[in-house]
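Participant: I'd like to ask some things about the structure below.
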Amino acid sequence: MFRQACKYATAQTKILSEPLKPRSELMLAWQFQSFGGLDQLKLNNVILPQVKKPNDVLVKVHATSVNPLDVAMIGGYGNVVLDTLRQCDFRMENKNVPLTTGRDFCGEVVSKSTNVRKDIKVGDLVYGAIPPHYQGSHASYLVIDDHLMIQKPSNIKDTEAASIPYTALTAWSALKISGDLAVSDPKTKKVLVLGASGGVGTAAVQMLKAWGCQVVATCGTDAVSLVSNMSPDIVIDYQQKEAMREIELSGKYDIILDASGNVNYVSYVPYLKEWSNSKFITLKSPFLSNTDYYGLLGGLIKNASDLLKYNLSSNALAKGCTVRWGFFAPLGIGMTEIGQLVKTGQLKPKIDSTFSFEEMPKAFKKVSEGHLRGKVVVSHKKDL
């Protein structure tokens with residue numbers, strides 16, 4: 001037993017390839033202490049995080065972005081599930097409030113553990129996504145598992161890289177997993193993307209085209225030029241009188257992706273191909289809101305009931321179709337594929353506006369107002 005203890009102690013001393021920074025060293029982080037409005041967002045001095053686990057990487061943040069989820073989380077959205085994940089994750093140190101916001105990042109590797117992949121080196125510029133239950137990226141530094149980051153290519157700026165990961169990985173998960181494109185041939189599919197001008201929508205259109213799908217995209221009048229530049233097969237202005245008629249005539253569809261979260265699924269199920277495993281996928285499911293209202297167990301039961309109700313009330317099952325929910329999935333294989341598309345120029349960042357780190361509350365307000373044309377980005381440096 002003594003020999004085993006010695007081996008364990010020796011292994012622990014070898015985890016880090018760079019020395020730990022003193023625990024007394026502080027950094028800045030945008031956090032919220034309690035749930036409420038955007039006035040809960042405060043800039044705090046917090047202890048600099050450390051690399052401790054075998055796959056940890058410490059990153060100095062150059063740029064990040066604000067997602068609608070960041071705004072919703074300040075209001076308490078999803079806290080029942082997210083707090084349960086925090087408490088069950090033995091790898092996490094800071095599990096309680098105050099919580100640091102932010103899901104995307106781009107920055108420089110400062111230190112890493114010895115089990116981190118060989119292609120990630122100290123001094124590299126990387127970008128990636130942070131799962132919602134983790135402390136976030138709206139800070140001077142962050143610690144993240146190496147599988148959720150990739151090296152930043154030279155063809156995009158730091159601010160552009162920071163705009164991509166979370167929404168792109170959400171779109172990838174919805175299409176590849178919920179949409180079954182991971183196990184079927186995308187080249188045979190026709191996909192309708194509703195809300196194609198937002199963060200998830202712009203990523204979805206570009207990935208679908210890169211995979212060889214036929215893509216029909218909807219957007220508002222002022223976003224037609226933006227969406228057209230991504231080369232979907234058809235662009236439909238949903239503000240026009242004949243928009244629904246155009247959507248109907250352009251179908252039928254193997255997948256309808258609701259990237260806006262503002263449509264009635266019942267109205268679109270008739271446009272799905274019948275008896276061909278077609279599906280309507282929404283990213284605005286009641287999954288988290290149900291658990292917030294009914295509790296974890298009650299919410300899970302309500303979710304199962306709601307999903308069945310969606311499929312029955314829309315008559316989807318009677319036509320061999322399904323209504324499904326799409327989610328962000330923190331999968332390294334998704335980040336790797338997204339990275340390749342960015343590197344080859346097939347997935348280009350679409351930025352609505354950029355704010356400085358000190359202007360974070362303004363960036364949150366911008367996102368809370370909606371109707372974005374791409375992502376809202378926050379830069380730590382004026383020259384990025």
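For the structure tokens, the naming scheme is as follows: chains receive sequential letters (A, B, ...) according to their order of presentation, residues are indexed from 1 within each chain, and ligands are indexed from 1 in presentation order.
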As a CSV table (one decimal) with all heavy atoms, in the first residue's frame, please: the residues near segment 133-149 of chain A (cut-off 8 Å, only C-alpha atoms, same-chain neighbours under 2 positions excluded).
Facilitator:
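Listing of result.csv after writing:
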```
chain,number,residue,atom,x,y,z
A,27,MET,N,-7.8,38.0,-11.0
A,27,MET,CA,-8.2,38.4,-12.3
A,27,MET,C,-9.5,39.0,-12.3
A,27,MET,O,-10.2,38.9,-11.3
A,27,MET,CB,-8.1,37.1,-13.3
A,27,MET,CG,-9.3,36.2,-13.0
A,27,MET,SD,-9.4,34.9,-14.3
A,27,MET,CE,-10.9,34.0,-13.8
A,28,LEU,N,-10.0,39.6,-13.4
A,28,LEU,CA,-11.3,40.2,-13.6
A,28,LEU,C,-12.2,39.2,-14.2
A,28,LEU,O,-11.9,38.4,-15.1
A,28,LEU,CB,-11.2,41.4,-14.4
A,28,LEU,CG,-10.5,42.6,-13.8
A,28,LEU,CD1,-10.3,43.7,-14.8
A,28,LEU,CD2,-11.2,43.1,-12.5
A,29,ALA,N,-13.5,39.2,-13.7
A,29,ALA,CA,-14.5,38.3,-14.3
A,29,ALA,C,-15.9,38.9,-14.2
A,29,ALA,O,-16.2,39.5,-13.1
A,29,ALA,CB,-14.5,36.9,-13.6
A,30,TRP,N,-16.7,38.8,-15.2
A,30,TRP,CA,-18.1,39.3,-15.2
A,30,TRP,C,-18.9,38.2,-14.6
A,30,TRP,O,-18.9,37.1,-15.1
A,30,TRP,CB,-18.6,39.7,-16.5
A,30,TRP,CG,-18.0,41.0,-17.0
A,30,TRP,CD1,-16.9,41.2,-17.8
A,30,TRP,CD2,-18.5,42.3,-16.7
A,30,TRP,NE1,-16.7,42.5,-18.0
A,30,TRP,CE2,-17.6,43.2,-17.3
A,30,TRP,CE3,-19.5,42.8,-15.9
A,30,TRP,CZ2,-17.8,44.6,-17.2
A,30,TRP,CZ3,-19.7,44.2,-15.8
A,30,TRP,CH2,-18.8,45.1,-16.4
A,48,LEU,N,-7.4,33.6,-9.7
A,48,LEU,CA,-7.0,33.0,-11.0
A,48,LEU,C,-7.2,31.5,-11.0
A,48,LEU,O,-6.7,30.9,-10.0
A,48,LEU,CB,-5.6,33.4,-11.3
A,48,LEU,CG,-5.1,33.1,-12.7
A,48,LEU,CD1,-5.5,34.1,-13.7
A,48,LEU,CD2,-3.5,33.0,-12.7
A,49,PRO,N,-7.9,30.9,-12.0
A,49,PRO,CA,-8.0,29.4,-11.9
A,49,PRO,C,-6.7,28.7,-12.2
A,49,PRO,O,-5.8,29.3,-12.8
A,49,PRO,CB,-9.0,29.2,-13.1
A,49,PRO,CG,-8.8,30.3,-14.0
A,49,PRO,CD,-8.5,31.5,-13.1
A,50,GLN,N,-6.6,27.5,-11.8
A,50,GLN,CA,-5.4,26.7,-12.0
A,50,GLN,C,-5.7,25.4,-12.8
A,50,GLN,O,-6.8,24.9,-12.7
A,50,GLN,CB,-4.8,26.3,-10.6
A,50,GLN,CG,-4.3,27.5,-9.8
A,50,GLN,CD,-3.8,27.0,-8.5
A,50,GLN,OE1,-4.5,26.4,-7.7
A,50,GLN,NE2,-2.5,27.2,-8.2
A,51,VAL,N,-4.6,25.0,-13.5
A,51,VAL,CA,-4.7,23.7,-14.1
A,51,VAL,C,-4.4,22.6,-13.1
A,51,VAL,O,-3.4,22.6,-12.5
A,51,VAL,CB,-3.8,23.6,-15.3
A,51,VAL,CG1,-4.3,24.4,-16.5
A,51,VAL,CG2,-2.4,24.0,-15.0
A,55,ASN,N,-6.3,16.9,-18.2
A,55,ASN,CA,-6.6,17.5,-19.5
A,55,ASN,C,-6.8,19.0,-19.4
A,55,ASN,O,-7.4,19.6,-20.4
A,55,ASN,CB,-7.7,16.8,-20.2
A,55,ASN,CG,-7.4,15.4,-20.5
A,55,ASN,OD1,-7.8,14.4,-19.8
A,55,ASN,ND2,-6.7,15.1,-21.6
A,56,ASP,N,-6.5,19.6,-18.3
A,56,ASP,CA,-6.7,21.1,-18.2
A,56,ASP,C,-5.8,21.9,-19.0
A,56,ASP,O,-4.6,21.6,-19.1
A,56,ASP,CB,-6.6,21.5,-16.7
A,56,ASP,CG,-7.8,21.2,-15.9
A,56,ASP,OD1,-8.9,20.8,-16.5
A,56,ASP,OD2,-7.8,21.4,-14.6
A,57,VAL,N,-6.3,23.0,-19.5
A,57,VAL,CA,-5.5,24.0,-20.2
A,57,VAL,C,-5.9,25.4,-19.6
A,57,VAL,O,-7.1,25.7,-19.5
A,57,VAL,CB,-5.8,24.0,-21.7
A,57,VAL,CG1,-4.9,25.1,-22.4
A,57,VAL,CG2,-5.4,22.7,-22.3
A,58,LEU,N,-4.9,26.2,-19.2
A,58,LEU,CA,-5.2,27.6,-18.8
A,58,LEU,C,-5.0,28.5,-20.0
A,58,LEU,O,-3.9,28.5,-20.6
A,58,LEU,CB,-4.2,28.0,-17.7
A,58,LEU,CG,-4.3,29.4,-17.1
A,58,LEU,CD1,-5.7,29.6,-16.5
A,58,LEU,CD2,-3.2,29.7,-16.1
A,59,VAL,N,-6.0,29.3,-20.3
A,59,VAL,CA,-6.0,30.2,-21.4
A,59,VAL,C,-6.2,31.6,-21.0
A,59,VAL,O,-7.1,32.0,-20.2
A,59,VAL,CB,-7.2,29.8,-22.4
A,59,VAL,CG1,-7.3,30.8,-23.6
A,59,VAL,CG2,-7.0,28.4,-22.9
A,60,LYS,N,-5.4,32.5,-21.5
A,60,LYS,CA,-5.5,34.0,-21.3
A,60,LYS,C,-6.5,34.4,-22.4
A,60,LYS,O,-6.2,34.3,-23.6
A,60,LYS,CB,-4.2,34.7,-21.5
A,60,LYS,CG,-4.3,36.2,-21.3
A,60,LYS,CD,-3.0,36.9,-21.4
A,60,LYS,CE,-3.2,38.4,-21.2
A,60,LYS,NZ,-1.8,39.1,-21.3
A,61,VAL,N,-7.6,34.9,-22.0
A,61,VAL,CA,-8.7,35.2,-23.0
A,61,VAL,C,-8.4,36.5,-23.7
A,61,VAL,O,-8.1,37.6,-23.1
A,61,VAL,CB,-10.1,35.4,-22.2
A,61,VAL,CG1,-11.2,35.7,-23.3
A,61,VAL,CG2,-10.4,34.1,-21.5
A,62,HIS,N,-8.5,36.4,-25.1
A,62,HIS,CA,-8.3,37.6,-25.9
A,62,HIS,C,-9.7,38.2,-26.4
A,62,HIS,O,-9.9,39.4,-26.5
A,62,HIS,CB,-7.5,37.3,-27.2
A,62,HIS,CG,-6.1,37.0,-26.9
A,62,HIS,ND1,-5.2,36.7,-27.9
A,62,HIS,CD2,-5.4,37.1,-25.8
A,62,HIS,CE1,-4.0,36.6,-27.4
A,62,HIS,NE2,-4.1,36.8,-26.1
A,64,THR,N,-14.2,37.0,-26.6
A,64,THR,CA,-15.3,36.1,-26.3
A,64,THR,C,-16.6,36.6,-27.0
A,64,THR,O,-16.5,37.6,-27.7
A,64,THR,CB,-15.5,36.0,-24.7
A,64,THR,OG1,-16.5,35.1,-24.5
A,64,THR,CG2,-15.8,37.3,-24.1
A,82,LEU,N,-28.6,22.7,-14.5
A,82,LEU,CA,-27.2,23.1,-14.6
A,82,LEU,C,-26.6,23.0,-13.2
A,82,LEU,O,-25.4,22.6,-13.1
A,82,LEU,CB,-27.1,24.6,-15.1
A,82,LEU,CG,-27.6,24.8,-16.5
A,82,LEU,CD1,-27.5,26.2,-16.9
A,82,LEU,CD2,-26.9,23.9,-17.5
A,83,ASP,N,-27.3,23.4,-12.1
A,83,ASP,CA,-26.8,23.3,-10.8
A,83,ASP,C,-26.6,21.8,-10.4
A,83,ASP,O,-25.6,21.5,-9.7
A,83,ASP,CB,-27.7,24.0,-9.8
A,83,ASP,CG,-27.0,24.1,-8.4
A,83,ASP,OD1,-25.9,24.6,-8.3
A,83,ASP,OD2,-27.6,23.5,-7.4
A,85,LEU,N,-25.8,19.4,-12.5
A,85,LEU,CA,-24.6,19.0,-13.2
A,85,LEU,C,-23.3,19.5,-12.5
A,85,LEU,O,-22.3,18.8,-12.4
A,85,LEU,CB,-24.6,19.5,-14.6
A,85,LEU,CG,-25.7,18.9,-15.6
A,85,LEU,CD1,-25.7,19.6,-16.9
A,85,LEU,CD2,-25.4,17.4,-15.7
A,86,ARG,N,-23.4,20.8,-12.0
A,86,ARG,CA,-22.2,21.3,-11.2
A,86,ARG,C,-21.9,20.5,-10.0
A,86,ARG,O,-20.8,20.1,-9.7
A,86,ARG,CB,-22.5,22.8,-10.8
A,86,ARG,CG,-22.6,23.8,-11.9
A,86,ARG,CD,-22.7,25.2,-11.4
A,86,ARG,NE,-23.2,26.1,-12.5
A,86,ARG,CZ,-24.4,26.5,-12.6
A,86,ARG,NH1,-25.3,26.2,-11.6
A,86,ARG,NH2,-24.8,27.3,-13.6
A,92,MET,N,-15.1,19.8,-10.9
A,92,MET,CA,-15.3,21.2,-10.7
A,92,MET,C,-14.9,21.7,-9.3
A,92,MET,O,-15.2,21.0,-8.4
A,92,MET,CB,-16.7,21.7,-11.0
A,92,MET,CG,-17.1,21.6,-12.5
A,92,MET,SD,-18.7,22.2,-12.8
A,92,MET,CE,-18.5,23.9,-12.3
A,94,ASN,N,-15.2,25.5,-8.4
A,94,ASN,CA,-16.2,26.5,-8.1
A,94,ASN,C,-17.5,26.2,-8.6
A,94,ASN,O,-17.9,26.4,-9.8
A,94,ASN,CB,-15.7,27.9,-8.7
A,94,ASN,CG,-14.3,28.2,-8.2
A,94,ASN,OD1,-14.0,28.1,-7.0
A,94,ASN,ND2,-13.5,28.8,-9.1
A,95,LYS,N,-18.4,25.6,-7.7
A,95,LYS,CA,-19.7,25.0,-8.2
A,95,LYS,C,-20.8,26.0,-7.8
A,95,LYS,O,-21.9,25.7,-8.3
A,95,LYS,CB,-19.9,23.7,-7.5
A,95,LYS,CG,-18.9,22.6,-7.8
A,95,LYS,CD,-19.2,21.3,-7.2
A,95,LYS,CE,-18.2,20.2,-7.6
A,95,LYS,NZ,-18.5,18.9,-7.1
A,99,LEU,N,-21.4,33.1,-10.4
A,99,LEU,CA,-21.1,32.4,-11.6
A,99,LEU,C,-20.6,33.3,-12.7
A,99,LEU,O,-21.2,34.4,-12.9
A,99,LEU,CB,-22.4,31.7,-12.1
A,99,LEU,CG,-23.0,30.6,-11.1
A,99,LEU,CD1,-24.3,30.1,-11.7
A,99,LEU,CD2,-22.0,29.4,-11.0
A,100,THR,N,-19.6,32.9,-13.3
A,100,THR,CA,-19.0,33.7,-14.4
A,100,THR,C,-19.7,33.3,-15.7
A,100,THR,O,-19.9,32.2,-16.0
A,100,THR,CB,-17.5,33.4,-14.6
A,100,THR,OG1,-16.8,33.6,-13.4
A,100,THR,CG2,-16.9,34.2,-15.7
A,101,THR,N,-20.1,34.4,-16.4
A,101,THR,CA,-20.9,34.2,-17.7
A,101,THR,C,-19.9,33.9,-18.8
A,101,THR,O,-18.7,34.0,-18.7
A,101,THR,CB,-21.8,35.4,-18.0
A,101,THR,OG1,-20.9,36.5,-18.0
A,101,THR,CG2,-22.8,35.6,-16.9
A,102,GLY,N,-20.5,33.5,-20.0
A,102,GLY,CA,-19.7,33.3,-21.2
A,102,GLY,C,-19.5,31.9,-21.6
A,102,GLY,O,-19.1,31.1,-20.8
A,103,ARG,N,-19.7,31.6,-22.9
A,103,ARG,CA,-19.6,30.2,-23.4
A,103,ARG,C,-18.6,30.1,-24.5
A,103,ARG,O,-18.2,29.0,-24.8
A,103,ARG,CB,-21.0,29.7,-23.9
A,103,ARG,CG,-22.1,30.0,-22.9
A,103,ARG,CD,-22.4,28.8,-22.0
A,103,ARG,NE,-21.3,28.5,-21.2
A,103,ARG,CZ,-21.1,28.9,-19.9
A,103,ARG,NH1,-21.9,29.8,-19.4
A,103,ARG,NH2,-20.1,28.5,-19.2
A,104,ASP,N,-18.2,31.2,-25.2
A,104,ASP,CA,-17.2,31.1,-26.2
A,104,ASP,C,-15.9,31.8,-25.8
A,104,ASP,O,-15.9,32.7,-25.0
A,104,ASP,CB,-17.6,31.8,-27.5
A,104,ASP,CG,-18.9,31.3,-28.1
A,104,ASP,OD1,-18.9,30.2,-28.7
A,104,ASP,OD2,-20.0,31.9,-27.9
A,105,PHE,N,-14.8,31.4,-26.4
A,105,PHE,CA,-13.5,32.1,-26.2
A,105,PHE,C,-12.5,31.9,-27.3
A,105,PHE,O,-12.6,31.0,-28.0
A,105,PHE,CB,-12.9,31.6,-24.8
A,105,PHE,CG,-12.3,30.3,-24.9
A,105,PHE,CD1,-11.0,30.0,-25.3
A,105,PHE,CD2,-13.1,29.1,-24.6
A,105,PHE,CE1,-10.5,28.8,-25.4
A,105,PHE,CE2,-12.6,27.9,-24.7
A,105,PHE,CZ,-11.3,27.7,-25.1
A,116,VAL,N,-2.6,16.7,-21.9
A,116,VAL,CA,-3.3,17.5,-23.0
A,116,VAL,C,-2.7,17.1,-24.3
A,116,VAL,O,-1.5,16.7,-24.4
A,116,VAL,CB,-3.0,19.0,-22.7
A,116,VAL,CG1,-3.4,19.9,-23.9
A,116,VAL,CG2,-3.7,19.5,-21.5
A,117,ARG,N,-3.5,17.1,-25.3
A,117,ARG,CA,-3.0,16.6,-26.7
A,117,ARG,C,-1.8,17.4,-27.1
A,117,ARG,O,-1.6,18.5,-26.8
A,117,ARG,CB,-4.1,16.8,-27.8
A,117,ARG,CG,-5.5,17.2,-27.4
A,117,ARG,CD,-6.3,17.1,-28.6
A,117,ARG,NE,-6.2,18.3,-29.5
A,117,ARG,CZ,-7.0,19.4,-29.4
A,117,ARG,NH1,-8.0,19.4,-28.5
A,117,ARG,NH2,-6.8,20.4,-30.2
A,120,ILE,N,-1.5,20.9,-28.8
A,120,ILE,CA,-1.8,22.1,-28.0
A,120,ILE,C,-0.5,22.5,-27.2
A,120,ILE,O,-0.2,21.7,-26.3
A,120,ILE,CB,-3.0,22.0,-27.1
A,120,ILE,CG1,-4.3,21.7,-27.9
A,120,ILE,CG2,-3.2,23.2,-26.3
A,120,ILE,CD1,-4.7,22.8,-28.8
A,126,VAL,N,-5.8,29.5,-29.4
A,126,VAL,CA,-6.9,28.5,-29.5
A,126,VAL,C,-8.2,29.2,-29.3
A,126,VAL,O,-8.4,30.3,-28.8
A,126,VAL,CB,-6.7,27.4,-28.4
A,126,VAL,CG1,-5.4,26.7,-28.6
A,126,VAL,CG2,-6.7,28.1,-27.0
A,127,TYR,N,-9.2,28.4,-29.7
A,127,TYR,CA,-10.6,28.9,-29.5
A,127,TYR,C,-11.5,27.7,-29.2
A,127,TYR,O,-11.2,26.5,-29.6
A,127,TYR,CB,-11.1,29.7,-30.6
A,127,TYR,CG,-11.4,29.0,-32.0
A,127,TYR,CD1,-12.7,28.8,-32.5
A,127,TYR,CD2,-10.3,28.5,-32.7
A,127,TYR,CE1,-12.9,28.2,-33.7
A,127,TYR,CE2,-10.5,27.9,-34.0
A,127,TYR,CZ,-11.8,27.8,-34.4
A,127,TYR,OH,-12.0,27.1,-35.6
A,128,GLY,N,-12.6,27.9,-28.5
A,128,GLY,CA,-13.4,26.8,-28.1
A,128,GLY,C,-14.7,27.2,-27.4
A,128,GLY,O,-15.0,28.4,-27.3
A,129,ALA,N,-15.4,26.2,-26.9
A,129,ALA,CA,-16.7,26.4,-26.2
A,129,ALA,C,-16.7,25.8,-24.8
A,129,ALA,O,-16.0,24.7,-24.6
A,129,ALA,CB,-17.8,25.8,-27.0
A,130,ILE,N,-17.4,26.4,-23.9
A,130,ILE,CA,-17.5,25.9,-22.5
A,130,ILE,C,-18.9,25.5,-22.2
A,130,ILE,O,-19.9,26.2,-22.5
A,130,ILE,CB,-17.1,27.1,-21.6
A,130,ILE,CG1,-15.7,27.6,-21.9
A,130,ILE,CG2,-17.2,26.7,-20.1
A,130,ILE,CD1,-15.3,28.8,-21.0
A,131,PRO,N,-19.1,24.3,-21.7
A,131,PRO,CA,-20.4,23.8,-21.3
A,131,PRO,C,-21.1,24.7,-20.4
A,131,PRO,O,-20.5,25.4,-19.5
A,131,PRO,CB,-20.2,22.4,-20.6
A,131,PRO,CG,-18.8,22.0,-21.2
A,131,PRO,CD,-18.1,23.2,-21.4
A,151,GLN,N,-6.9,24.8,-32.3
A,151,GLN,CA,-6.0,25.8,-32.7
A,151,GLN,C,-6.7,26.8,-33.6
A,151,GLN,O,-7.4,26.4,-34.6
A,151,GLN,CB,-4.7,25.3,-33.3
A,151,GLN,CG,-3.8,24.6,-32.3
A,151,GLN,CD,-2.5,24.2,-32.9
A,151,GLN,OE1,-2.4,23.9,-34.1
A,151,GLN,NE2,-1.4,24.2,-32.1
A,330,PRO,N,-21.3,19.1,-25.9
A,330,PRO,CA,-19.8,19.4,-25.8
A,330,PRO,C,-19.0,18.2,-26.3
A,330,PRO,O,-18.4,17.5,-25.5
A,330,PRO,CB,-19.6,19.7,-24.3
A,330,PRO,CG,-20.7,18.8,-23.7
A,330,PRO,CD,-21.9,18.8,-24.6
A,331,LEU,N,-18.9,18.0,-27.6
A,331,LEU,CA,-18.2,16.9,-28.2
A,331,LEU,C,-17.0,17.3,-29.0
A,331,LEU,O,-17.1,18.2,-29.8
A,331,LEU,CB,-19.2,16.1,-29.1
A,331,LEU,CG,-20.4,15.5,-28.4
A,331,LEU,CD1,-21.3,14.8,-29.5
A,331,LEU,CD2,-20.0,14.5,-27.4
A,332,GLY,N,-15.9,16.7,-28.7
A,332,GLY,CA,-14.7,17.1,-29.4
A,332,GLY,C,-14.7,16.8,-30.9
A,332,GLY,O,-14.1,17.6,-31.6
A,335,MET,N,-16.2,19.9,-32.4
A,335,MET,CA,-15.2,21.0,-32.5
A,335,MET,C,-14.2,20.8,-33.6
A,335,MET,O,-13.8,21.7,-34.3
A,335,MET,CB,-14.5,21.1,-31.2
A,335,MET,CG,-15.3,21.9,-30.1
A,335,MET,SD,-15.7,23.6,-30.6
A,335,MET,CE,-14.1,24.3,-31.0
```
Participant: Enumerate, as a ChimeraX atom specification, the complete set of residues in segment 29-222 of chain A that a backbone-based DSSP assignment places in strand (DSSP E or B).
Facilitator: /A:29-32,41-47,56-66,99-100,104-113,125-129,139,141-145,149-151,190-194,214-219
Participant: Suppose you want the space between atom CA of Ser231 of chain A and atom CA of Ile150 of chain A; what is it in Å?
Facilitator: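 Between atom CA of Ser231 of chain A and atom CA of Ile150 of chain A the gap is 26.4 Å.
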Participant: As an exercise, work out the distance from atom CA of Asn277 of chain A to atom CA of Ile333 of chain A in Å and give it to one decimal place.
Facilitator: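 So the two atoms, atom CA of Asn277 of chain A and atom CA of Ile333 of chain A, lie 24.4 Å apart.
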Participant: Of the candidates A:Ser65, A:Cys321, A:Phe327, A:Ile236, which shows the shortest atom-to-atom distance to Lys176 of chain A, using only C-alpha atoms?
Facilitator: A:Phe327
Participant: Excluding segment 293-310 of chain A and its own-chain neighbours fewer than 6 positions away, which residues fall within 8 Å of it when counting only C-alpha atoms? Please give them as a count of residues only.
Facilitator: 6
Participant: Would you work out the distance separating atom CA of Gly36 of chain A from atom CA of Cys106 of chain A, expressed in Å to one decimal?
Facilitator: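 Computing it gives 28.2 Å between the two atoms.
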Participant: With 7 Å as the cut-off and only C-alpha atoms counted, what is the closest atom pair between each nearby residue of segment 89-190 of chain A and segment 205-221 of chain A? Distances in Å to one decimal, ordered by chain and number, as CSV.
Facilitator:
```
residue,atom,partner,partner_atom,distance
A:Pro186,CA,A:Cys213,CA,5.4
A:Lys187,CA,A:Gly212,CA,4.6
A:Thr188,CA,A:Cys213,CA,6.7
A:Lys189,CA,A:Cys213,CA,5.4
A:Lys190,CA,A:Gln214,CA,4.6
```
Participant: Might you pull out every residue within 7 Å of Ser197 of chain A, with only C-alpha atoms counted and same-chain residues fewer than 4 positions away left off, and present them as a ChimeraX atom specification?
Facilitator: /A:201-202,219,223,227,373-374
Participant: Could you write out the selected residues, including all heavy atoms, as a PDB file, in the first residue's frame?
Facilitator:
```pdb
ATOM      1  N   GLY A 201     -28.237  30.027 -36.846  1.00  0.00           N
ATOM      2  CA  GLY A 201     -28.719  29.944 -38.225  1.00  0.00           C
ATOM      3  C   GLY A 201     -27.612  30.108 -39.248  1.00  0.00           C
ATOM      4  O   GLY A 201     -27.532  29.354 -40.225  1.00  0.00           O
ATOM      5  N   THR A 202     -26.732  31.105 -39.068  1.00  0.00           N
ATOM      6  CA  THR A 202     -25.643  31.313 -40.028  1.00  0.00           C
ATOM      7  C   THR A 202     -24.679  30.132 -40.033  1.00  0.00           C
ATOM      8  O   THR A 202     -24.189  29.729 -41.091  1.00  0.00           O
ATOM      9  CB  THR A 202     -24.869  32.604 -39.707  1.00  0.00           C
ATOM     10  OG1 THR A 202     -24.404  32.567 -38.347  1.00  0.00           O
ATOM     11  CG2 THR A 202     -25.744  33.831 -39.909  1.00  0.00           C
ATOM     12  N   CYS A 219     -35.265  34.480 -43.452  1.00  0.00           N
ATOM     13  CA  CYS A 219     -34.726  35.580 -42.653  1.00  0.00           C
ATOM     14  C   CYS A 219     -35.586  36.807 -42.859  1.00  0.00           C
ATOM     15  O   CYS A 219     -36.475  36.820 -43.720  1.00  0.00           O
ATOM     16  CB  CYS A 219     -33.275  35.877 -43.036  1.00  0.00           C
ATOM     17  SG  CYS A 219     -33.080  36.406 -44.747  1.00  0.00           S
ATOM     18  N   ALA A 223     -31.956  41.176 -43.581  1.00  0.00           N
ATOM     19  CA  ALA A 223     -30.893  40.168 -43.506  1.00  0.00           C
ATOM     20  C   ALA A 223     -30.757  39.346 -44.781  1.00  0.00           C
ATOM     21  O   ALA A 223     -29.933  38.436 -44.853  1.00  0.00           O
ATOM     22  CB  ALA A 223     -31.135  39.229 -42.323  1.00  0.00           C
ATOM     23  N   VAL A 227     -27.704  36.585 -45.618  1.00  0.00           N
ATOM     24  CA  VAL A 227     -27.981  35.159 -45.812  1.00  0.00           C
ATOM     25  C   VAL A 227     -27.659  34.737 -47.239  1.00  0.00           C
ATOM     26  O   VAL A 227     -27.118  33.651 -47.474  1.00  0.00           O
ATOM     27  CB  VAL A 227     -29.447  34.847 -45.452  1.00  0.00           C
ATOM     28  CG1 VAL A 227     -29.782  33.392 -45.766  1.00  0.00           C
ATOM     29  CG2 VAL A 227     -29.696  35.140 -43.973  1.00  0.00           C
ATOM     30  N   ARG A 373     -27.940  40.007 -36.270  1.00  0.00           N
ATOM     31  CA  ARG A 373     -27.454  39.567 -37.577  1.00  0.00           C
ATOM     32  C   ARG A 373     -26.045  39.027 -37.382  1.00  0.00           C
ATOM     33  O   ARG A 373     -25.063  39.693 -37.659  1.00  0.00           O
ATOM     34  CB  ARG A 373     -27.472  40.738 -38.568  1.00  0.00           C
ATOM     35  CG  ARG A 373     -28.866  41.357 -38.765  1.00  0.00           C
ATOM     36  CD  ARG A 373     -29.864  40.320 -39.281  1.00  0.00           C
ATOM     37  NE  ARG A 373     -31.222  40.843 -39.445  1.00  0.00           N
ATOM     38  CZ  ARG A 373     -32.267  40.362 -38.801  1.00  0.00           C
ATOM     39  NH1 ARG A 373     -32.101  39.394 -37.914  1.00  0.00           N
ATOM     40  NH2 ARG A 373     -33.474  40.829 -39.024  1.00  0.00           N
ATOM     41  N   GLY A 374     -25.965  37.815 -36.852  1.00  0.00           N
ATOM     42  CA  GLY A 374     -24.685  37.238 -36.482  1.00  0.00           C
ATOM     43  C   GLY A 374     -24.482  37.329 -34.976  1.00  0.00           C
ATOM     44  O   GLY A 374     -25.431  37.452 -34.209  1.00  0.00           O
TER      45      GLY A 374
END
```
Participant: Rank nothing, just name the residue among A:Asp158, A:Asp180, A:Asp39, A:Asp119 nearest to Ser379 of chain A, using only C-alpha atoms.
Facilitator: A:Asp158
Participant: Just checking: using only C-alpha atoms, which residue out of A:Ala171, A:Phe35, A:Leu125, A:Lys366 ends up closest to Ile156 of chain A?
Facilitator: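 Nearest candidate to Ile156 of chain A out of A:Ala171, A:Phe35, A:Leu125, A:Lys366: A:Leu125.
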Participant: Which polymer residues have any atom within 7 Å of an atom of Ala363 of chain A, counting only C-alpha atoms, with same-chain residues fewer than 5 positions away left out, as a list in words?
Facilitator: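 Selected residues are Val66, Phe355 and Val376 of chain A.
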Participant: Going by DSSP on the backbone, which residues of segment 174-371 of chain A come out as alpha helix (DSSP H)? List them as an NGL selection string.
Facilitator: :A and (199-211 or 224-228 or 243-250 or 265-268 or 287-294 or 296-313 or 332-343 or 360-368)
Participant: Could you give me, as a list in words, the residues within 10 Å of Leu38 of chain A, counting only C-alpha atoms and dropping anything in the same chain fewer than 2 positions from it?
Facilitator: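 Once the nearby chain positions are removed, what remains is Phe32, Phe35, Gly36, Gln40, Leu41, Lys42, Val71, Ala72, Ile74, Gly75, Pro361, Lys362, Phe364, Lys365 and Ser368 of chain A.
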Participant: I'd like to know which of A:Ala162, A:Leu26, A:Leu194, A:Leu341 is closest to His380 of chain A, using only C-alpha atoms.
Facilitator: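 The shortest atom-to-atom distance to His380 of chain A comes from A:Ala162.
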Participant: Find the residues around Gly320 of chain A up to 8 Å (only C-alpha atoms counted), leave out those fewer than 2 positions away in its own chain, and share them as a PyMOL selection string.
Facilitator: chain A and resi 274-278+316-318+322
